[in-house]
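Data block below; observations after.
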Amino acid sequence: MKRKELEVILWSIALPGFGQILNHQIFKGTLFISLEFLINVQSNFNQAIMYSFLGEIQKAIEVTNYQGLLFYPCLYMFAIWDAYKETGRVTSLYTFMPFVFSAYFVTVGLMYSSNLKIFGVLFGPVFLPMLFLIPGISIGLLIKILLGNLKVQK
């Protein structure tokens, strides 16, 4: 991965839309930032993040508007993928797979975050979706590799 791709991905992780702005896609970047802001405010996500990092998971669960927050994982991962893709250096046909499966798994993690305990620990609406990112990326990479190998074997 070259410096440009890494820069775009890291800024997109910081805030969806920043990667598009780095790619000189001002309208698209502004749209992603606006959508992120709208979802964030409507779902009380910043307050949930604050409570989570302070170790007050139950308060994080109580303030979270899950109906609004369920849109966030797909927007977030799509914005990262789009910014990376628009650098023009995507070489694999299935590079999007880890991003897509991450969005799926983070959404599922968010749905279960108010009551799923792992080893007796309730992680809540911030940390459980982060944990679900790991299998999402892993399965997406595995599928990308498998599909890439099928294409080569033909």
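The way I read the labels, and the way they are meant: chains A, B, ... in the order of the structure tokens, residue 1 as the first residue of every chain, and ligand 1 as the first ligand shown, with later ones counted on from there.
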
Test item: residues at most 12 Å from A:Phe53, only C-alpha atoms, excluding those fewer than 3 positions along its chain, as a PyMOL selection string
chain A and resi 46-50+56-60+123-127

Got a sec to tell me which of chain A DSSP assigns to helix (DSSP H, G or I), as a PyMOL selection string?
chain A and resi 3-14+18-22+26-43+45-53+57-63+66-69+72-85+97-112+124-153

Give me the residues within 10 Å of A:Gln20 as a PyMOL selection string, counting only C-alpha atoms and dropping any in the same chain fewer than 4 places off.
chain A and resi 8-9+11-12+16+24-33+79-80+82-84+86-87

Mind writing the picked residues with N, CA and C atoms as a tab-separated table (two decimals), in the first residue's frame?
```tsv
chain	number	residue	atom	x	y	z
A	8	VAL	N	-5.38	8.30	2.78
A	8	VAL	CA	-6.82	8.40	2.51
A	8	VAL	C	-7.60	7.49	3.45
A	9	ILE	N	-7.14	6.26	3.66
A	9	ILE	CA	-7.84	5.33	4.55
A	9	ILE	C	-7.82	5.85	5.98
A	11	TRP	N	-7.49	8.94	7.13
A	11	TRP	CA	-8.38	10.10	7.30
A	11	TRP	C	-9.85	9.70	7.21
A	12	SER	N	-10.16	8.70	6.39
A	12	SER	CA	-11.54	8.22	6.30
A	12	SER	C	-11.96	7.52	7.59
A	16	PRO	N	-15.63	9.88	8.17
A	16	PRO	CA	-16.07	9.60	6.80
A	16	PRO	C	-16.26	10.90	6.02
A	24	HIS	N	-10.03	15.17	-3.72
A	24	HIS	CA	-10.59	16.31	-4.44
A	24	HIS	C	-12.03	16.10	-4.89
A	25	GLN	N	-12.77	15.30	-4.12
A	25	GLN	CA	-14.19	15.08	-4.37
A	25	GLN	C	-14.96	15.82	-3.28
A	26	ILE	N	-15.00	17.11	-3.41
A	26	ILE	CA	-15.53	17.98	-2.36
A	26	ILE	C	-17.02	17.72	-2.09
A	27	PHE	N	-17.82	17.61	-3.14
A	27	PHE	CA	-19.25	17.37	-2.94
A	27	PHE	C	-19.49	16.06	-2.21
A	28	LYS	N	-18.86	14.99	-2.71
A	28	LYS	CA	-19.05	13.68	-2.10
A	28	LYS	C	-18.53	13.67	-0.66
A	29	GLY	N	-17.39	14.29	-0.42
A	29	GLY	CA	-16.84	14.37	0.93
A	29	GLY	C	-17.76	15.12	1.87
A	30	THR	N	-18.28	16.24	1.40
A	30	THR	CA	-19.22	17.03	2.21
A	30	THR	C	-20.49	16.23	2.49
A	31	LEU	N	-20.96	15.48	1.51
A	31	LEU	CA	-22.15	14.63	1.70
A	31	LEU	C	-21.90	13.59	2.79
A	32	PHE	N	-20.77	12.89	2.72
A	32	PHE	CA	-20.45	11.88	3.73
A	32	PHE	C	-20.30	12.50	5.12
A	33	ILE	N	-19.64	13.64	5.21
A	33	ILE	CA	-19.48	14.31	6.50
A	33	ILE	C	-20.85	14.72	7.05
A	79	ALA	N	-17.73	4.73	2.99
A	79	ALA	CA	-16.93	5.94	2.81
A	79	ALA	C	-15.44	5.60	2.77
A	80	ILE	N	-15.02	4.68	3.62
A	80	ILE	CA	-13.61	4.26	3.61
A	80	ILE	C	-13.29	3.57	2.28
A	82	ASP	N	-14.88	3.78	-0.62
A	82	ASP	CA	-14.97	4.72	-1.73
A	82	ASP	C	-13.72	5.60	-1.82
A	83	ALA	N	-13.27	6.09	-0.69
A	83	ALA	CA	-12.07	6.94	-0.71
A	83	ALA	C	-10.86	6.15	-1.20
A	84	TYR	N	-10.73	4.92	-0.73
A	84	TYR	CA	-9.61	4.07	-1.17
A	84	TYR	C	-9.71	3.77	-2.66
A	86	GLU	N	-11.16	5.44	-4.98
A	86	GLU	CA	-10.96	6.64	-5.81
A	86	GLU	C	-9.50	7.10	-5.88
A	87	THR	N	-8.61	6.45	-5.14
A	87	THR	CA	-7.18	6.76	-5.32
A	87	THR	C	-6.69	6.22	-6.66
```

For A:Asn65, the nearest of the candidates A:Phe45, A:Tyr112, A:Phe119, A:Phe101, counting only C-alpha atoms
A:Phe45

Show which residues sit within 12 Å of stretch 103-106 of chain A, as a ChimeraX atom specification. Count only C-alpha atoms, and ignore same-chain residues fewer than 2 positions away.
/A:69-81,96-101,108-113,125-140

Residues from the last selection, C-alpha atoms, saved as a CSV table (one decimal), in the first residue's frame:
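Once written, part.csv looks like this:
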```csv
chain,number,residue,atom,x,y,z
A,69,LEU,CA,-27.1,4.2,14.6
A,70,LEU,CA,-27.8,1.0,12.5
A,71,PHE,CA,-27.1,3.1,9.4
A,72,TYR,CA,-23.7,4.1,10.7
A,73,PRO,CA,-21.6,0.9,9.9
A,74,CYS,CA,-22.6,0.8,6.3
A,75,LEU,CA,-22.0,4.5,5.7
A,76,TYR,CA,-18.7,4.4,7.6
A,77,MET,CA,-17.3,1.4,5.7
A,78,PHE,CA,-18.6,2.5,2.4
A,79,ALA,CA,-16.9,5.9,2.8
A,80,ILE,CA,-13.6,4.3,3.6
A,81,TRP,CA,-13.9,1.9,0.6
A,96,PHE,CA,-14.2,-4.4,-1.6
A,97,MET,CA,-15.0,-7.7,0.2
A,98,PRO,CA,-13.4,-6.9,3.6
A,99,PHE,CA,-15.2,-3.5,3.7
A,100,VAL,CA,-18.6,-5.1,2.9
A,101,PHE,CA,-18.3,-7.9,5.4
A,108,VAL,CA,-24.8,-7.3,13.7
A,109,GLY,CA,-22.5,-6.5,16.6
A,110,LEU,CA,-24.5,-3.3,17.1
A,111,MET,CA,-27.8,-5.1,17.1
A,112,TYR,CA,-26.6,-7.4,19.9
A,113,SER,CA,-24.6,-4.8,21.8
A,125,PRO,CA,-22.8,-0.1,21.5
A,126,VAL,CA,-19.2,1.0,20.9
A,127,PHE,CA,-16.8,-1.8,21.8
A,128,LEU,CA,-18.9,-4.9,20.7
A,129,PRO,CA,-19.2,-3.6,17.1
A,130,MET,CA,-15.5,-2.9,17.1
A,131,LEU,CA,-14.9,-6.6,18.2
A,132,PHE,CA,-17.2,-7.7,15.4
A,133,LEU,CA,-15.0,-5.9,12.9
A,134,ILE,CA,-12.4,-8.6,13.4
A,135,PRO,CA,-14.4,-11.5,11.9
A,136,GLY,CA,-15.9,-9.2,9.3
A,137,ILE,CA,-12.5,-8.2,7.9
A,138,SER,CA,-11.2,-11.8,8.3
A,139,ILE,CA,-14.2,-13.4,6.4
A,140,GLY,CA,-14.1,-10.6,3.8
```

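Between atom CA of A:Leu15 and atom CA of A:Tyr51 the interatomic distance comes to 19.8 Å.
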
Within 10 Å of A:Arg89 using only C-alpha atoms, minus same-chain residues under 4 positions, as a ChimeraX atom specification
/A:1-2,4-5,84-85

Please save N, CA, C and O atoms of the selected residues as an mmCIF file, in the first residue's frame.
```
data_model
loop_
_atom_site.group_PDB
_atom_site.id
_atom_site.type_symbol
_atom_site.label_atom_id
_atom_site.label_comp_id
_atom_site.auth_asym_id
_atom_site.auth_seq_id
_atom_site.Cartn_x
_atom_site.Cartn_y
_atom_site.Cartn_z
ATOM 1 N N MET A 1 0.850 -1.172 0.000
ATOM 2 C CA MET A 1 0.000 0.000 0.000
ATOM 3 C C MET A 1 0.897 1.236 0.000
ATOM 4 O O MET A 1 1.806 1.363 0.802
ATOM 5 N N LYS A 2 0.607 2.129 -0.892
ATOM 6 C CA LYS A 2 1.403 3.344 -1.003
ATOM 7 C C LYS A 2 0.915 4.416 -0.044
ATOM 8 O O LYS A 2 -0.156 4.320 0.539
ATOM 9 N N LYS A 4 -0.322 7.384 -0.412
ATOM 10 C CA LYS A 4 -1.601 8.033 -0.726
ATOM 11 C C LYS A 4 -2.788 7.198 -0.223
ATOM 12 O O LYS A 4 -3.702 7.727 0.390
ATOM 13 N N GLU A 5 -2.766 5.878 -0.505
ATOM 14 C CA GLU A 5 -3.859 5.018 -0.064
ATOM 15 C C GLU A 5 -3.949 4.993 1.456
ATOM 16 O O GLU A 5 -5.038 5.084 2.026
ATOM 17 N N TYR A 84 -10.728 4.919 -0.733
ATOM 18 C CA TYR A 84 -9.612 4.069 -1.168
ATOM 19 C C TYR A 84 -9.706 3.767 -2.662
ATOM 20 O O TYR A 84 -8.733 3.909 -3.402
ATOM 21 N N LYS A 85 -10.904 3.396 -3.101
ATOM 22 C CA LYS A 85 -11.122 3.061 -4.522
ATOM 23 C C LYS A 85 -10.782 4.244 -5.424
ATOM 24 O O LYS A 85 -10.202 4.081 -6.491
#
```

From chain A, collect each residue whose DSSP state is strand (DSSP E) and return the set as a PDB file with C-alpha atoms, in the first residue's frame.
```pdb
ATOM      1  CA  LYS A 117     -21.939 -10.669  27.014  1.00  0.00           C
ATOM      2  CA  ILE A 118     -18.609 -12.229  26.099  1.00  0.00           C
ATOM      3  CA  VAL A 121     -18.537  -8.740  29.957  1.00  0.00           C
ATOM      4  CA  LEU A 122     -21.112  -6.415  28.378  1.00  0.00           C
TER       5      LEU A 122
END
```

Correct to one decimal, the distance atom CA of A:Leu54-atom CA of A:Val41 is 19.6 Å
